[in-house]
$ cat my_file-v5.csv   # CSV, N, CA and C atoms
chain,number,residue,atom,x,y,z
A,1,MET,N,107.5,155.9,100.5
A,1,MET,CA,107.0,154.9,99.5
A,1,MET,C,105.6,154.4,100.0
A,2,LEU,N,104.7,154.3,99.1
A,2,LEU,CA,103.3,153.9,99.4
A,2,LEU,C,103.1,152.5,99.0
A,3,TYR,N,102.6,151.7,99.9
A,3,TYR,CA,102.4,150.3,99.6
A,3,TYR,C,100.9,150.1,99.4
A,4,THR,N,100.5,149.6,98.2
A,4,THR,CA,99.1,149.4,97.9
A,4,THR,C,98.7,147.9,97.6
A,5,TYR,N,99.7,147.0,97.9
A,5,TYR,CA,99.5,145.6,97.6
A,5,TYR,C,98.2,145.1,98.4
A,6,GLY,N,97.3,144.5,97.6
A,6,GLY,CA,96.1,143.9,98.2
A,6,GLY,C,95.0,144.9,98.6
A,7,MET,N,95.3,146.2,98.5
A,7,MET,CA,94.3,147.2,98.9
A,7,MET,C,93.2,147.4,97.8
A,8,ASN,N,93.5,147.0,96.6
A,8,ASN,CA,92.5,147.2,95.5
A,8,ASN,C,91.5,146.0,95.4
A,9,LYS,N,91.8,145.0,96.2
A,9,LYS,CA,90.9,143.8,96.1
A,9,LYS,C,89.6,144.1,96.8
A,10,LYS,N,88.5,143.9,96.1
A,10,LYS,CA,87.2,144.2,96.6
A,10,LYS,C,86.7,142.9,97.3
A,11,LYS,N,86.2,143.0,98.5
A,11,LYS,CA,85.7,141.8,99.2
A,11,LYS,C,84.3,141.5,98.6
A,12,ALA,N,84.1,140.2,98.3
A,12,ALA,CA,82.9,139.8,97.6
A,12,ALA,C,81.7,139.9,98.6
A,13,SER,N,80.6,140.4,98.1
A,13,SER,CA,79.4,140.5,98.9
A,13,SER,C,78.8,139.1,99.2
A,14,PRO,N,78.0,139.0,100.2
A,14,PRO,CA,77.4,137.6,100.5
A,14,PRO,C,76.7,137.0,99.3
A,15,ALA,N,76.0,137.8,98.5
A,15,ALA,CA,75.3,137.2,97.3
A,15,ALA,C,76.3,136.8,96.3
A,16,GLU,N,77.4,137.5,96.1
A,16,GLU,CA,78.5,137.1,95.1
A,16,GLU,C,79.2,135.8,95.6
A,17,ARG,N,79.4,135.8,96.9
A,17,ARG,CA,80.1,134.6,97.5
A,17,ARG,C,79.2,133.3,97.3
A,18,ARG,N,77.9,133.5,97.6
A,18,ARG,CA,76.9,132.5,97.4
A,18,ARG,C,76.9,132.0,96.0
A,19,ASP,N,76.8,132.9,95.0
A,19,ASP,CA,76.8,132.5,93.6
A,19,ASP,C,78.1,131.7,93.2
A,20,ALA,N,79.2,132.1,93.7
A,20,ALA,CA,80.5,131.4,93.5
A,20,ALA,C,80.4,130.0,94.0
A,21,LEU,N,79.9,129.9,95.2
A,21,LEU,CA,79.8,128.5,95.8
A,21,LEU,C,78.8,127.7,95.0
A,22,LEU,N,77.7,128.2,94.6
A,22,LEU,CA,76.8,127.4,93.8
A,22,LEU,C,77.4,127.0,92.5
A,23,ALA,N,78.2,127.9,91.9
A,23,ALA,CA,78.9,127.5,90.6
A,23,ALA,C,79.9,126.4,90.9
A,24,GLU,N,80.6,126.4,92.1
A,24,GLU,CA,81.5,125.4,92.4
A,24,GLU,C,80.8,124.1,92.7
A,25,MET,N,79.6,124.1,93.3
A,25,MET,CA,78.8,123.0,93.5
A,25,MET,C,78.5,122.2,92.2
A,26,ALA,N,78.2,123.0,91.1
A,26,ALA,CA,77.9,122.3,89.8
A,26,ALA,C,79.1,121.6,89.3
A,27,SER,N,80.3,121.9,89.7
A,27,SER,CA,81.5,121.3,89.2
A,27,SER,C,81.9,120.0,89.9
A,28,LEU,N,81.1,119.6,90.9
A,28,LEU,CA,81.4,118.4,91.7
A,28,LEU,C,80.8,117.2,91.0
A,29,ARG,N,81.2,116.8,89.9
A,29,ARG,CA,80.5,115.8,89.1
A,29,ARG,C,80.8,114.4,89.5
A,30,GLY,N,82.0,114.2,90.1
A,30,GLY,CA,82.4,112.8,90.5
A,30,GLY,C,82.1,112.4,91.9
A,31,LEU,N,81.2,113.2,92.6
A,31,LEU,CA,81.1,113.0,94.0
A,31,LEU,C,80.5,111.6,94.4
A,32,LEU,N,80.9,111.1,95.5
A,32,LEU,CA,80.4,109.8,96.0
A,32,LEU,C,80.0,110.1,97.4
A,33,ASN,N,78.8,110.0,97.8
A,33,ASN,CA,78.3,110.3,99.1
A,33,ASN,C,78.4,109.0,99.9
A,34,GLY,N,79.4,108.9,100.8
A,34,GLY,CA,79.7,107.7,101.6
A,34,GLY,C,81.0,107.8,102.2
A,35,SER,N,81.5,106.6,102.7
A,35,SER,CA,82.8,106.5,103.3
A,35,SER,C,83.5,105.4,102.7
A,36,LEU,N,84.9,105.5,102.6
A,36,LEU,CA,85.7,104.4,102.1
A,36,LEU,C,86.1,103.6,103.3
A,37,VAL,N,85.9,102.2,103.1
A,37,VAL,CA,86.2,101.3,104.2
A,37,VAL,C,87.1,100.2,103.7
A,38,GLN,N,88.1,99.9,104.4
A,38,GLN,CA,89.0,98.8,104.1
A,38,GLN,C,88.5,97.5,104.9
A,39,ARG,N,88.4,96.4,104.2
A,39,ARG,CA,87.9,95.2,104.8
A,39,ARG,C,88.9,94.0,104.5
A,40,TYR,N,89.0,93.2,105.5
A,40,TYR,CA,89.8,91.9,105.4
A,40,TYR,C,88.7,90.8,105.5
A,41,SER,N,89.0,89.7,104.8
A,41,SER,CA,88.0,88.6,104.8
A,41,SER,C,88.6,87.3,104.8
A,42,THR,N,87.8,86.3,105.1
A,42,THR,CA,88.2,84.9,105.0
A,42,THR,C,87.5,84.3,103.8
A,43,CYS,N,88.1,83.2,103.2
A,43,CYS,CA,87.5,82.6,102.1
A,43,CYS,C,86.9,81.3,102.5
A,44,SER,N,86.4,80.5,101.5
A,44,SER,CA,85.7,79.3,101.8
A,44,SER,C,86.6,78.0,101.8
A,45,ARG,N,87.9,78.2,101.4
A,45,ARG,CA,88.9,77.1,101.5
A,45,ARG,C,89.3,76.8,102.9
A,46,LYS,N,89.0,75.6,103.3
A,46,LYS,CA,89.2,75.2,104.7
A,46,LYS,C,90.7,75.3,105.2
A,47,ASN,N,91.6,75.0,104.3
A,47,ASN,CA,93.0,74.9,104.6
A,47,ASN,C,93.8,76.2,104.3
A,48,CYS,N,93.1,77.3,104.0
A,48,CYS,CA,93.7,78.6,103.7
A,48,CYS,C,94.2,79.2,105.0
A,49,ALA,N,95.3,80.0,104.8
A,49,ALA,CA,95.9,80.7,105.9
A,49,ALA,C,95.0,81.8,106.5
A,50,CYS,N,94.0,82.2,105.8
A,50,CYS,CA,93.1,83.2,106.3
A,50,CYS,C,92.3,82.8,107.5
A,51,HIS,N,92.1,81.5,107.7
A,51,HIS,CA,91.4,80.9,108.8
A,51,HIS,C,92.2,80.9,110.1
A,52,THR,N,93.5,81.1,109.9
A,52,THR,CA,94.4,81.1,111.1
A,52,THR,C,94.9,82.6,111.5
A,53,GLY,N,94.2,83.6,110.9
A,53,GLY,CA,94.5,84.9,111.3
A,53,GLY,C,95.1,85.8,110.2
A,54,LYS,N,95.6,85.2,109.1
A,54,LYS,CA,96.2,86.0,108.0
A,54,LYS,C,95.1,86.2,106.9
A,55,ARG,N,94.2,87.1,107.1
A,55,ARG,CA,93.0,87.3,106.3
A,55,ARG,C,93.4,87.9,104.9
A,56,HIS,N,92.5,87.8,103.9
A,56,HIS,CA,92.7,88.3,102.6
A,56,HIS,C,92.4,89.8,102.7
A,57,GLY,N,93.1,90.6,102.0
A,57,GLY,CA,92.8,92.0,101.9
A,57,GLY,C,94.1,92.9,102.1
A,58,PRO,N,93.9,94.1,102.3
A,58,PRO,CA,92.6,94.8,102.5
A,58,PRO,C,92.0,95.1,101.1
A,59,ARG,N,90.7,95.1,101.1
A,59,ARG,CA,89.8,95.4,100.0
A,59,ARG,C,89.1,96.6,100.3
A,60,LEU,N,88.9,97.5,99.3
A,60,LEU,CA,88.3,98.8,99.5
A,60,LEU,C,86.8,98.7,99.1
A,61,TYR,N,86.0,99.3,99.9
A,61,TYR,CA,84.5,99.4,99.7
A,61,TYR,C,84.0,100.8,99.9
A,62,LEU,N,83.0,101.2,99.2
A,62,LEU,CA,82.3,102.4,99.5
A,62,LEU,C,81.1,102.1,100.3
A,63,ALA,N,81.0,102.6,101.5
A,63,ALA,CA,79.8,102.4,102.3
A,63,ALA,C,78.9,103.6,102.2
A,64,ALA,N,77.7,103.3,101.7
A,64,ALA,CA,76.7,104.4,101.4
A,64,ALA,C,75.4,104.0,101.9
A,65,THR,N,74.6,104.9,102.4
A,65,THR,CA,73.3,104.6,102.9
A,65,THR,C,72.3,105.0,101.8
A,66,GLY,N,71.4,104.1,101.4
A,66,GLY,CA,70.4,104.4,100.4
A,66,GLY,C,69.0,104.1,101.0
A,67,ASP,N,68.1,103.9,100.1
A,67,ASP,CA,66.7,103.6,100.5
A,67,ASP,C,66.6,102.4,101.4
A,68,GLY,N,67.3,101.3,101.0
A,68,GLY,CA,67.2,100.1,101.7
A,68,GLY,C,68.2,99.9,102.8
A,69,GLY,N,68.8,100.9,103.3
A,69,GLY,CA,69.8,100.8,104.4
A,69,GLY,C,71.2,101.0,103.8
A,70,GLN,N,72.2,100.6,104.6
A,70,GLN,CA,73.6,100.8,104.1
A,70,GLN,C,74.0,99.7,103.1
A,71,ARG,N,74.7,100.1,102.1
A,71,ARG,CA,75.2,99.2,101.1
A,71,ARG,C,76.7,99.4,101.0
A,72,GLN,N,77.5,98.3,100.8
A,72,GLN,CA,78.9,98.5,100.6
A,72,GLN,C,79.2,98.0,99.2
A,73,THR,N,79.8,98.8,98.4
A,73,THR,CA,80.2,98.5,97.0
A,73,THR,C,81.7,98.3,96.9
A,74,TYR,N,82.1,97.2,96.3
A,74,TYR,CA,83.5,97.0,96.1
A,74,TYR,C,84.1,98.0,95.2
A,75,ILE,N,85.3,98.5,95.5
A,75,ILE,CA,86.1,99.5,94.7
A,75,ILE,C,87.4,98.8,94.3
A,76,PRO,N,87.6,98.5,93.0
A,76,PRO,CA,88.9,97.9,92.6
A,76,PRO,C,90.0,98.8,92.9
A,77,ALA,N,91.2,98.3,93.2
A,77,ALA,CA,92.4,99.0,93.5
A,77,ALA,C,92.7,100.1,92.4
A,78,ALA,N,92.4,99.8,91.2
A,78,ALA,CA,92.7,100.7,90.1
A,78,ALA,C,91.9,102.0,90.2
A,79,LEU,N,90.7,101.9,90.9
A,79,LEU,CA,89.8,103.0,91.0
A,79,LEU,C,89.8,103.7,92.3
A,80,ALA,N,90.7,103.3,93.2
A,80,ALA,CA,90.8,103.8,94.6
A,80,ALA,C,91.0,105.3,94.6
A,81,ALA,N,91.9,105.8,93.8
A,81,ALA,CA,92.1,107.3,93.8
A,81,ALA,C,90.9,108.0,93.4
A,82,ARG,N,90.2,107.5,92.3
A,82,ARG,CA,89.0,108.2,91.9
A,82,ARG,C,87.9,108.2,92.9
A,83,ALA,N,87.8,107.0,93.6
A,83,ALA,CA,86.8,106.9,94.7
A,83,ALA,C,87.1,107.9,95.8
A,84,ALA,N,88.4,108.0,96.2
A,84,ALA,CA,88.8,108.9,97.3
A,84,ALA,C,88.5,110.3,96.9
A,85,ALA,N,88.7,110.7,95.6
A,85,ALA,CA,88.4,112.0,95.1
A,85,ALA,C,86.9,112.3,95.2
A,86,GLY,N,86.1,111.3,94.8
A,86,GLY,CA,84.6,111.4,94.9
A,86,GLY,C,84.1,111.6,96.3
A,87,VAL,N,84.7,110.9,97.3
A,87,VAL,CA,84.3,111.1,98.7
A,87,VAL,C,84.7,112.5,99.1
A,88,ALA,N,85.9,113.0,98.7
A,88,ALA,CA,86.3,114.3,99.1
A,88,ALA,C,85.4,115.4,98.5
A,89,GLN,N,84.9,115.1,97.3
A,89,GLN,CA,84.0,116.1,96.7
A,89,GLN,C,82.6,116.1,97.4
A,90,ALA,N,82.2,114.9,97.9
A,90,ALA,CA,81.0,114.9,98.7
A,90,ALA,C,81.2,115.7,100.0
A,91,ARG,N,82.4,115.6,100.6
A,91,ARG,CA,82.7,116.3,101.8
A,91,ARG,C,82.6,117.8,101.5
A,92,ARG,N,83.2,118.2,100.4
A,92,ARG,CA,83.2,119.6,100.0
A,92,ARG,C,81.8,120.1,99.7
A,93,LEU,N,80.9,119.3,99.1
A,93,LEU,CA,79.5,119.6,98.9
A,93,LEU,C,78.8,120.0,100.2
A,94,ARG,N,79.0,119.1,101.2
A,94,ARG,CA,78.4,119.4,102.5
A,94,ARG,C,78.9,120.7,103.1
A,95,ALA,N,80.2,121.0,102.9
A,95,ALA,CA,80.7,122.3,103.4
A,95,ALA,C,80.1,123.5,102.7
A,96,ILE,N,79.9,123.3,101.4
A,96,ILE,CA,79.3,124.4,100.6
A,96,ILE,C,77.9,124.6,101.0
A,97,VAL,N,77.1,123.5,101.3
A,97,VAL,CA,75.7,123.7,101.7
A,97,VAL,C,75.7,124.4,103.0
A,98,ARG,N,76.6,124.1,104.0
A,98,ARG,CA,76.6,124.8,105.2
A,98,ARG,C,76.9,126.3,105.0
A,99,GLU,N,77.9,126.6,104.2
A,99,GLU,CA,78.2,128.0,103.9
A,99,GLU,C,77.1,128.8,103.2
A,100,VAL,N,76.5,128.1,102.2
A,100,VAL,CA,75.4,128.8,101.5
A,100,VAL,C,74.2,129.1,102.5
A,101,THR,N,74.0,128.1,103.3
A,101,THR,CA,72.9,128.3,104.3
A,101,THR,C,73.2,129.5,105.2
A,102,ALA,N,74.4,129.7,105.7
A,102,ALA,CA,74.8,130.8,106.5
A,102,ALA,C,74.7,132.1,105.7
A,103,LEU,N,75.1,132.1,104.5
A,103,LEU,CA,75.0,133.3,103.7
A,103,LEU,C,73.6,133.7,103.4
A,104,ASN,N,72.7,132.7,103.1
A,104,ASN,CA,71.3,133.0,102.9
A,104,ASN,C,70.7,133.5,104.1
A,105,LEU,N,71.0,133.0,105.3
A,105,LEU,CA,70.5,133.6,106.5
A,105,LEU,C,70.9,135.0,106.7
A,106,ARG,N,72.2,135.3,106.4
A,106,ARG,CA,72.7,136.6,106.5
A,106,ARG,C,71.9,137.6,105.6
A,107,LEU,N,71.7,137.1,104.4
A,107,LEU,CA,71.0,138.0,103.4
A,107,LEU,C,69.5,138.2,103.8
A,108,LEU,N,69.0,137.1,104.4
A,108,LEU,CA,67.6,137.2,104.9
A,108,LEU,C,67.4,138.3,106.0
A,109,ARG,N,68.4,138.2,106.9
A,109,ARG,CA,68.4,139.2,108.0
A,109,ARG,C,68.6,140.6,107.5
A,110,GLU,N,69.5,140.8,106.5
A,110,GLU,CA,69.8,142.1,106.0
A,110,GLU,C,68.8,142.7,105.0
A,111,ALA,N,67.9,141.9,104.5
A,111,ALA,CA,66.9,142.3,103.6
A,111,ALA,C,65.9,143.3,104.2
A,112,PRO,N,65.5,144.4,103.6
A,112,PRO,CA,64.5,145.3,104.1
A,112,PRO,C,63.2,144.6,104.3
A,113,GLU,N,62.4,145.0,105.2
A,113,GLU,CA,61.1,144.4,105.5
A,113,GLU,C,60.2,144.4,104.3
A,114,GLY,N,59.7,143.2,103.9
A,114,GLY,CA,58.8,143.1,102.8
A,114,GLY,C,59.5,143.0,101.4
A,115,ALA,N,60.8,143.0,101.4
A,115,ALA,CA,61.6,142.9,100.1
A,115,ALA,C,61.9,141.4,99.9
A,116,CYS,N,61.9,141.1,98.6
A,116,CYS,CA,62.3,139.7,98.2
A,116,CYS,C,63.6,139.8,97.6
A,117,ARG,N,64.6,139.0,98.1
A,117,ARG,CA,65.9,139.0,97.5
A,117,ARG,C,66.4,137.6,97.1
A,118,ASP,N,66.9,137.5,95.9
A,118,ASP,CA,67.4,136.2,95.4
A,118,ASP,C,68.8,136.1,95.6
$ encode --input "my_file-v5.csv" --output "structure tokens"
Amino acid sequence: MLYTYGMNKKKASPAERRDALLAEMASLRGLLNGSLVQRYSTCSRKNCACHTGKRHGPRLYLAATGDGGQRQTYIPAALAARAAAGVAQARRLRAIVREVTALNLRLLREAPEGACRD
């Protein structure tokens, strides 16, 4: 008996793999470049238990660096899952950029002298 399972699959060329990654990059529409941070805080009421160690929280924030330095934006609990998915998409984007860079370097090295390859 002859087994051919998986033998007909053609391995994608570096250019095809790059194009697939670039297409995936376009699908990352909800990305949030930053980190999710949980914070506990104290309030302004002098007799509140938060001043004796039982702080309010945790509250979720997105910490992101912009033009003016780091900013923390409050994320309501109802949006926590969406925010976590957005941060995961940003992590995936960085991985795609690293892989596309490696593929482009490989294509650059394999290109004949004087040839331009997209």
$ closest_residue --input "my_file-v5.csv" --among "A:Arg59, A:Lys11, A:Arg98, A:Arg106" --to "Val37 of chain A" --atoms "only N, CA and C atoms"
A:Arg59
$ select_by_dssp --input "my_file-v5.csv" --residues "chain A" --states "strand (DSSP E)" --output "PyMOL selection string"
chain A and resi 35-41+56-66+69-75
$ select_by_dssp --input "my_file-v5.csv" --residues "segment 3-112 of chain A" --states "alpha helix (DSSP H)" --output "NGL selection string"
:A and (14-26 or 80-110)
$ atom_distance --input "my_file-v5.csv" --atom1 "atom CA of Ser35 of chain A" --atom2 "atom C of Leu62 of chain A"
5.6 Å
$ atom_distance --input "my_file-v5.csv" --atom1 "atom CA of Arg45 of chain A" --atom2 "atom N of Gly57 of chain A"
14.1 Å
$ atom_distance --input "my_file-v5.csv" --atom1 "atom CA of Tyr40 of chain A" --atom2 "atom CA of Pro58 of chain A"
5.0 Å
$ closest_residue --input "my_file-v5.csv" --among "A:Lys54, A:Leu22, A:Tyr61, A:Glu99" --to "Pro76 of chain A" --atoms "only N, CA and C atoms"
A:Tyr61
$ closest_residue --input "my_file-v5.csv" --among "A:Leu60, A:Ala20, A:Ala90, A:Leu32" --to "Ala77 of chain A" --atoms "all atoms listed in the file"
A:Leu60
$ closest_residue --input "my_file-v5.csv" --among "A:Arg109, A:Arg91, A:Arg17, A:His56" --to "Leu31 of chain A" --atoms "all atoms listed in the file"
A:Arg91
$ residues_around --input "my_file-v5.csv" --residues "Ala64 of chain A" --least-positions-apart "2" --cutoff "6 Å" --atoms "only C-alpha atoms" --output "PyMOL selection string"
chain A and resi 34+70-71
$ closest_residue --input "my_file-v5.csv" --among "A:Ala12, A:Leu93, A:Cys43, A:Ala83" --to "Ser27 of chain A" --atoms "only C-alpha atoms"
A:Leu93
